[in-house]
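**Student:** Mind having a look at this structure? Questions to follow.
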Protein chains: 2
Amino acid sequence: MKNYFSSDFKLGVLGGGQLGRMLLAETQKFDIHTSILESNKNAPCAAICNKFVLGDLLDFNAVYNFGKTVDLLTIEIENVNLDALDKLEKEGLTIYPKPKDLRIIQSKARQKNFYIDHKIPTAEFSHYAYLEELKHSFENNIIDFPFVWKAARFGYDGNGVKIVRNFEDLKNLPNVECITEKLVPFKNELAVIVARNANGETTTYPVVEMEFHPEANQVEYVICPARIDANVAKKARETALKVVSELDFVGLLAVEMFQTTDDKILVNEVAPRPHNSGHYSIEASYTNQFEQHLRSILNLPLGNTESKVAGIMVNLVGSEGCSGKVIYQNIEEILKIDGVTPHIYGKKETRPFRKMGHVTIVDENIEKAREIAQKVKETIRVISK
Amino acid sequence: MKNYFSSDFKLGVLGGGQLGRMLLAETQKFDIHTSILESNKNAPCAAICNKFVLGDLLDFNAVYNFGKTVDLLTIEIENVNLDALDKLEKEGLTIYPKPKDLRIIQSKARQKNFYIDHKIPTAEFSHYAYLEELKHSFENNIIDFPFVWKAARFGYDGNGVKIVRNFEDLKNLPNVECITEKLVPFKNELAVIVARNANGETTTYPVVEMEFHPEANQVEYVICPARIDANVAKKARETALKVVSELDFVGLLAVEMFQTTDDKILVNEVAPRPHNSGHYSIEASYTNQFEQHLRSILNLPLGNTESKVAGIMVNLVGSEGCSGKVIYQNIEEILKIDGVTPHIYGKKETRPFRKMGHVTIVDENIEKAREIAQKVKETIRVISK
């Protein structure tokens, strides 16, 4: 084993947002020197990493030059320059997740083709190079309303995903490469986080259940464990493991799935990194997802993914109509409640629906945690000065 | 309430060691801007705080000038220049813990007098201005071997504490102000951490039990909850609360106590800050001691001090005979065990008995945790290259 702890070893991370920041908490715990490449000088990681490098994650030279200064490279966002990663890998740098997997995951079209090719259950889809092609397909009655539209690239947290219900919706879509999916009637949106290290050791976290905000299309509650039938949970974990195995993935993979009305599991999409659906693990799990990400990319033994207590996460997003210097209104009210932990990501400016933080609620009793989560949601507001 | 979160508010901390580092994990979680004053440029906090100021904590100007740059001042070590704190307080700076309490706690003689004056049970003691006075007292048969000798000032972690068994031991003591205590036969060393905010809200953590290394006089295991009778635990918590109440203390106070062979509780000493005996709380408690320290000094509502699971802490100290660049031998072996979390403090050089980190073991079953703790202790070694 390499000596990572208080050593000369340098971990590089592409991206310096909140996921990087929560990862830094773990690299600090283990005293692993961590460099961050990020284009925003006020990003959540900027002030607290060992080394901060300003640069565009999609720029070949920025990524390549950064890669040459570290001993192992990972990501906290998947939209990075892959040609630079390919070159770095060829030159001997260890990169987890592997660039070949990032290439598949970066494009929703490639992701979907991968599922089809490897017999991983997923909703039916079509792929369009640009909007006119999609309109054409509609005019020829090849697809029907409603359907789900997804930008093939750079979508996250509801950006780049739309439910298209009529021609007006269709006309307003941006003119980019996209996929469309059948709108599958489902009971639950689920997620499973899988970790795998280079030795092939693999662990899965419990299945979580997600509730989405109806307008913003962002996760409102993540509930662990999901309140679903044990057989469905088993199927969801097996499906997530199949994705990891077919990708020969190393690192942390969050697999988002639908539980259909007839209890089928369909893979929606994956994220090759710590994920919003695993934030509950900081307070609830024996090993949180950020520590597990580190363990997996460093080929350390993986930690116990079981929970000490039930966990629910509430996202803190900017209130509608508020832009500017952020204030967390009533945060002291939620701090009064047992088992409530706010995480503030360090973004000084709020905007409507911007992810500013999250709150974890833990309790031995999941129903009690759910009640508290609702109260938290109704109490704290992310507003501007 | 002041706006602490992602705001212009600046917290200042005197001291940048491992306690400061674990406090930074919490200020980062809440995005509270944190400045550190510390004399060692390679200290654990140096690379990861918002602002690092190099300066001697015992120097009036260093502390005073640092204090003028922050909105609220706290400590992670109690040996700081109190005249500077007095002046800052007079000029309107909020300082928790209060300088008057630090003045009592800095001196073991004043601490002991405080206990006597406020009818807080403690071992009998004598106070000597210098070593000759103590020798004189011995020659006149006023004290007998064995007794406990403690330097009145600047002792920590076994430095400045000795059991004096014969005249040879006595001769070898340093010539400093000191106290001596009767060697009290005890069943257990216990500790209770109490938090109190400016509103007077007060919480106590469960009683923990400490096992000491026989030679280094450093804590070897901290076990939460202590495996003691409920009545003894109740008495210990009440005694700790009495100390906090008599001091009119604000902040976190760790109260170390003896459970005597006849089940009396005697206060040994207190620390006005997060404490080694509370490190288990990071993994085991609903609210860890560092978050609770923050909540108490910022006059936020205090968190739930109960445990999710049993917790045991093992200190990682430098092995005898090893000095130089540190290696954590077999750390990958302990990472294989469920519920085991190492914390590496970021000191690049090890020395015999230097505190380099700690390992927390959590499990639902305390006896199982204790077995694993033993295994951890026997497996990992802090050595040099």
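Labels used: A, B, ... for chains in the order of the structure tokens, numbers from 1 for residues in each chain, and numbers from 1 for ligands as shown.
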Select, as a PyMOL selection string, those residues of chain A with any atom no more than 7 Å from chain B (distances computed using only C-alpha atoms).

**Tutor:** chain A and resi 6+25+29-31+47-50+286+300-304+308-309+332+335-336+338-339+343-348

**Student:** Would you export the selected residues with C-alpha atoms as a PDB file, in the first residue's frame, please?

**Tutor:**
ATOM      1  CA  SER A   6       0.553  12.703   6.423  1.00  0.00           C
ATOM      2  CA  ALA A  25     -13.628  16.983   5.382  1.00  0.00           C
ATOM      3  CA  LYS A  29      -9.567  13.607   8.746  1.00  0.00           C
ATOM      4  CA  PHE A  30      -6.971  11.332   7.136  1.00  0.00           C
ATOM      5  CA  ASP A  31      -4.493  14.175   6.492  1.00  0.00           C
ATOM      6  CA  ALA A  47     -10.353  28.604   1.079  1.00  0.00           C
ATOM      7  CA  ILE A  48      -9.896  25.226   2.741  1.00  0.00           C
ATOM      8  CA  CYS A  49      -7.974  22.862   0.443  1.00  0.00           C
ATOM      9  CA  ASN A  50      -4.221  22.324   0.589  1.00  0.00           C
ATOM     10  CA  TYR A 286     -20.926   3.865   9.789  1.00  0.00           C
ATOM     11  CA  LEU A 300      -8.106   0.972   0.697  1.00  0.00           C
ATOM     12  CA  PRO A 301     -10.448  -1.545   2.327  1.00  0.00           C
ATOM     13  CA  LEU A 302     -14.044  -0.330   2.014  1.00  0.00           C
ATOM     14  CA  GLY A 303     -16.011   0.664   5.110  1.00  0.00           C
ATOM     15  CA  ASN A 304     -19.275  -0.588   6.558  1.00  0.00           C
ATOM     16  CA  LYS A 308     -26.500   3.575  12.774  1.00  0.00           C
ATOM     17  CA  VAL A 309     -29.907   5.278  12.607  1.00  0.00           C
ATOM     18  CA  GLU A 332     -31.574  28.594  15.008  1.00  0.00           C
ATOM     19  CA  LEU A 335     -30.940  23.687  15.582  1.00  0.00           C
ATOM     20  CA  LYS A 336     -33.287  23.318  18.553  1.00  0.00           C
ATOM     21  CA  ASP A 338     -32.757  16.784  18.236  1.00  0.00           C
ATOM     22  CA  GLY A 339     -30.905  15.009  15.460  1.00  0.00           C
ATOM     23  CA  HIS A 343     -24.586  21.715   6.210  1.00  0.00           C
ATOM     24  CA  ILE A 344     -23.860  25.115   4.684  1.00  0.00           C
ATOM     25  CA  TYR A 345     -21.908  24.881   1.442  1.00  0.00           C
ATOM     26  CA  GLY A 346     -20.207  28.253   1.625  1.00  0.00           C
ATOM     27  CA  LYS A 347     -21.831  29.985  -1.331  1.00  0.00           C
ATOM     28  CA  LYS A 348     -22.101  33.627  -0.348  1.00  0.00           C
TER      29      LYS A 348
END

**Student:** As a PyMOL selection string, please: every residue in range 243-313 of chain A that a backbone DSSP assignment puts in strand (DSSP E).

**Tutor:** chain A and resi 251-260+265-271+310-313

**Student:** Quick one: everything within 9 Å of Thr122 in chain A, counting only C-alpha atoms, minus sequence neighbours fewer than 3 positions away in the same chain. Send it as number ranges by chain.

**Tutor:** A: 112, 115-116, 119, 125, 257-258, 265-269

**Student:** Please provide as a PyMOL selection string all residues within 12 Å of range 163-178 of chain B, with the sequence filter that same-chain residues fewer than 6 positions apart are discarded (counting only C-alpha atoms).

**Tutor:** chain B and resi 107-110+112+125-139+143-155+184+214-217

**Student:** Extract, using only C-alpha atoms, all DNA, RNA and protein residues at most 8 Å from range 66-82 of chain A, discarding same-chain residues fewer than 4 positions from it, and format them as a ChimeraX atom specification.

**Tutor:** /A:9-17,19-20,35,37,53,57-60,62,86,88,93-97,99,102-103,105-106,154,271-274,297

**Student:** Which of range 108-140 of chain A end up as alpha helix (DSSP H) when DSSP is run on this backbone - answer as a VMD selection string?

**Tutor:** chain A and resid 108 to 117 131 to 139

**Student:** Could those residues be written to a file, using C-alpha atoms, as an mmCIF file, in the first residue's frame?

**Tutor:**
data_model
loop_
_atom_site.group_PDB
_atom_site.id
_atom_site.type_symbol
_atom_site.label_atom_id
_atom_site.label_comp_id
_atom_site.auth_asym_id
_atom_site.auth_seq_id
_atom_site.Cartn_x
_atom_site.Cartn_y
_atom_site.Cartn_z
ATOM 1 C CA LYS A 108 -26.800 10.531 -21.582
ATOM 2 C CA ALA A 109 -27.090 8.987 -25.037
ATOM 3 C CA ARG A 110 -23.989 6.844 -24.474
ATOM 4 C CA GLN A 111 -25.227 5.968 -20.987
ATOM 5 C CA LYS A 112 -28.534 4.722 -22.409
ATOM 6 C CA ASN A 113 -26.812 2.761 -25.162
ATOM 7 C CA PHE A 114 -24.577 1.201 -22.554
ATOM 8 C CA TYR A 115 -27.601 0.017 -20.550
ATOM 9 C CA ILE A 116 -29.212 -1.440 -23.658
ATOM 10 C CA ASP A 117 -25.989 -3.159 -24.783
ATOM 11 C CA LEU A 131 -33.852 19.907 -31.839
ATOM 12 C CA GLU A 132 -35.051 19.973 -35.461
ATOM 13 C CA GLU A 133 -34.568 16.229 -35.651
ATOM 14 C CA LEU A 134 -36.772 15.801 -32.595
ATOM 15 C CA LYS A 135 -39.457 18.104 -34.024
ATOM 16 C CA HIS A 136 -39.345 16.164 -37.240
ATOM 17 C CA SER A 137 -39.794 12.927 -35.364
ATOM 18 C CA PHE A 138 -42.797 14.407 -33.603
ATOM 19 C CA GLU A 139 -44.351 15.698 -36.822
#

**Student:** Out of B:Ala236, B:Ala43, B:Ile366, B:Ala123, which residue has the shortest atom-to-atom distance to Ile179 in chain B when counting only C-alpha atoms?

**Tutor:**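 Answer, going by the shortest atom-to-atom distance: B:Ala123.
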